[in-house]
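Remarks on the structure that follows.
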Amino acid sequence: MKCTFIGGALLAVLGTAGCEVTVDSQTQVVREEKRFTTAGPPVLRVATFDGSIQIQSWDKPDIFIEIEKRGPTKESVDSLQVTTDQKGDTIELEVKRPRSEFHGFGFHRSPSARLIVSVPHRADVRARSGDGSIRIDRVTGRIELHTGDGSIHATDVSGNLTIHTGDGSVTVDGADGRLDLETGDGGVNVTGRLTSLRAHTGDGSIVFRGQPGTAMSEDWEITTGDGGVSLYLPPDFDADLDAHTGDGTIRNDLDIKAGTDGEISKRTVRGRIGDGGKRMQIRTGDGSISLRRF
């Protein structure tokens, strides 16, 4: 184990036991490492009460987790409890909130714990942060990401993806499969080849770019309380469209057949895209809707 200072910045090369350093007079940092071995595709559940979570795949069968604990004092960092459990291929790791609060000269600072996780490409992952961003890259499986306050970013993921943030933006780039996402306040930007989509934001815009091969296997629902919606769909996309804005306009560049029960007006478009099929519902309370070819 070796800790080296270079040009005022701190670089840490860790051994298996971890490394404890002082960044400045008001910040203590302790890094720990946990490694788990599984026989098959793992089921991983990780959680931290406060801090970001970063998950990426690698070419090894093991799971490797780096825990970066930060706090104003050594006592505050030591108060963070890391619990682990493994039953077969199911692994759980949680950093729990300390029981006591820590105060300094006229200010209050709480410790936090950041998680950096490496998993096999195929894995089921559930990640939860009480307050912090979450990022996941190049993982296939059942993926559930939850944060109370923070952005979520997923890249090159496939399978069943569930995303929820109480306050923050959501970006999904290169998704394949089913996607269910919700943010209380923040913009949504999704690109992928999806079979199922439910996207909701309480306040923010929604952009979806459907890559070639996108096809609905069930009904879709896209809603925002306050913000615009932009959809870019491939030429061979089929759906029964039901789009409405409470206060805005709809720009439609698609060939939509209204039929006898449909409607194409300034604020409502109901009709068939391509050969029709599953229902795609789009709603915005206050914002424009744009329908275009990808």
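Labels used: A, B, ... for chains in the order of the structure tokens, numbers from 1 for residues in each chain, and numbers from 1 for ligands as shown.
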
With 6 Å as the cut-off and only C-alpha atoms counted, what is the closest atom pair between each nearby residue of stretch 130-174 of chain A and stretch 49-56 of chain A? Distances in Å to one decimal, ordered by chain and number, as JSON lines.
{"residue": "A:Gly130", "atom": "CA", "partner": "A:Phe49", "partner_atom": "CA", "distance": 4.6}
{"residue": "A:Asp131", "atom": "CA", "partner": "A:Asp50", "partner_atom": "CA", "distance": 4.7}
{"residue": "A:Gly132", "atom": "CA", "partner": "A:Ser52", "partner_atom": "CA", "distance": 4.4}
{"residue": "A:Ser133", "atom": "CA", "partner": "A:Ser52", "partner_atom": "CA", "distance": 4.7}
{"residue": "A:Ile134", "atom": "CA", "partner": "A:Ile53", "partner_atom": "CA", "distance": 4.8}
{"residue": "A:Arg135", "atom": "CA", "partner": "A:Gln54", "partner_atom": "CA", "distance": 4.9}
{"residue": "A:Ile136", "atom": "CA", "partner": "A:Ile55", "partner_atom": "CA", "distance": 4.6}
{"residue": "A:Asp137", "atom": "CA", "partner": "A:Gln56", "partner_atom": "CA", "distance": 4.8}

File dump, residues just selected, N, CA and C atoms, as a CSV table (one decimal), in the first residue's frame:
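Final output, result.csv:
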chain,number,residue,atom,x,y,z
A,130,GLY,N,-28.9,7.6,-1.2
A,130,GLY,CA,-29.8,8.6,-0.6
A,130,GLY,C,-29.7,10.0,-1.2
A,131,ASP,N,-28.4,10.3,-1.5
A,131,ASP,CA,-28.1,11.6,-2.1
A,131,ASP,C,-26.9,11.5,-2.9
A,132,GLY,N,-27.0,11.4,-4.2
A,132,GLY,CA,-25.8,11.3,-5.0
A,132,GLY,C,-26.1,10.8,-6.4
A,133,SER,N,-25.3,11.1,-7.4
A,133,SER,CA,-25.5,10.7,-8.8
A,133,SER,C,-25.2,9.2,-8.9
A,134,ILE,N,-25.7,8.6,-10.0
A,134,ILE,CA,-25.4,7.2,-10.3
A,134,ILE,C,-25.1,7.1,-11.8
A,135,ARG,N,-24.1,6.3,-12.1
A,135,ARG,CA,-23.7,6.1,-13.5
A,135,ARG,C,-23.4,4.6,-13.7
A,136,ILE,N,-23.9,4.0,-14.8
A,136,ILE,CA,-23.6,2.6,-15.1
A,136,ILE,C,-23.3,2.5,-16.6
A,137,ASP,N,-22.3,1.7,-16.9
A,137,ASP,CA,-21.8,1.5,-18.3
A,137,ASP,C,-21.6,0.1,-18.6

Spatial neighbours of A:Gly262, 10 Å, only C-alpha atoms, chain gap at least 5 places, as a ChimeraX atom specification: /A:240-242,256-257,268-272

Would you export the selected residues with N, CA and C atoms as a PDB file, in the first residue's frame, please?
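That gives us again-v7.pdb:
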ATOM      1  N   ASP A 240     -50.002   3.041 -32.542  1.00  0.00           N
ATOM      2  CA  ASP A 240     -51.203   3.865 -32.487  1.00  0.00           C
ATOM      3  C   ASP A 240     -50.888   5.042 -31.569  1.00  0.00           C
ATOM      4  N   LEU A 241     -50.812   6.232 -32.132  1.00  0.00           N
ATOM      5  CA  LEU A 241     -50.347   7.411 -31.414  1.00  0.00           C
ATOM      6  C   LEU A 241     -51.498   8.176 -30.775  1.00  0.00           C
ATOM      7  N   ASP A 242     -51.285   8.604 -29.528  1.00  0.00           N
ATOM      8  CA  ASP A 242     -52.230   9.470 -28.816  1.00  0.00           C
ATOM      9  C   ASP A 242     -51.411  10.548 -28.117  1.00  0.00           C
ATOM     10  N   ILE A 256     -49.001  10.283 -40.477  1.00  0.00           N
ATOM     11  CA  ILE A 256     -49.956   9.729 -39.528  1.00  0.00           C
ATOM     12  C   ILE A 256     -51.334   9.687 -40.164  1.00  0.00           C
ATOM     13  N   LYS A 257     -51.959   8.532 -40.096  1.00  0.00           N
ATOM     14  CA  LYS A 257     -53.305   8.347 -40.653  1.00  0.00           C
ATOM     15  C   LYS A 257     -54.301   8.462 -39.504  1.00  0.00           C
ATOM     16  N   THR A 268     -53.566  18.203 -30.399  1.00  0.00           N
ATOM     17  CA  THR A 268     -53.860  16.775 -30.296  1.00  0.00           C
ATOM     18  C   THR A 268     -53.571  16.079 -31.617  1.00  0.00           C
ATOM     19  N   VAL A 269     -52.878  14.954 -31.530  1.00  0.00           N
ATOM     20  CA  VAL A 269     -52.678  14.091 -32.691  1.00  0.00           C
ATOM     21  C   VAL A 269     -52.991  12.661 -32.269  1.00  0.00           C
ATOM     22  N   ARG A 270     -53.997  12.072 -32.874  1.00  0.00           N
ATOM     23  CA  ARG A 270     -54.367  10.676 -32.642  1.00  0.00           C
ATOM     24  C   ARG A 270     -54.495   9.993 -33.985  1.00  0.00           C
ATOM     25  N   GLY A 271     -53.730   8.923 -34.166  1.00  0.00           N
ATOM     26  CA  GLY A 271     -53.790   8.221 -35.437  1.00  0.00           C
ATOM     27  C   GLY A 271     -52.771   7.103 -35.487  1.00  0.00           C
ATOM     28  N   ARG A 272     -52.616   6.541 -36.671  1.00  0.00           N
ATOM     29  CA  ARG A 272     -51.776   5.358 -36.851  1.00  0.00           C
ATOM     30  C   ARG A 272     -50.456   5.748 -37.496  1.00  0.00           C
TER      31      ARG A 272
END

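Of the residues listed (A:Asp89, A:Glu221, A:Glu66, A:Glu75), A:Glu66 shows the shortest atom-to-atom separation from A:Ile116; distances use only C-alpha atoms.
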
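Comparing the minimum interatomic distances between A:Gly186 and each of A:Tyr232, A:Arg209, A:Gly150, A:Thr245, counting only C-alpha atoms, we find that A:Gly150 sits nearest.
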
Nearby residues (only C-alpha atoms) at most 8 Å from A:Gly184, same-chain spacing under 4 positions excluded, as a list in words: Thr165, Gly166, Asp167, Gly168, Thr201, Gly202 and Asp203 of chain A
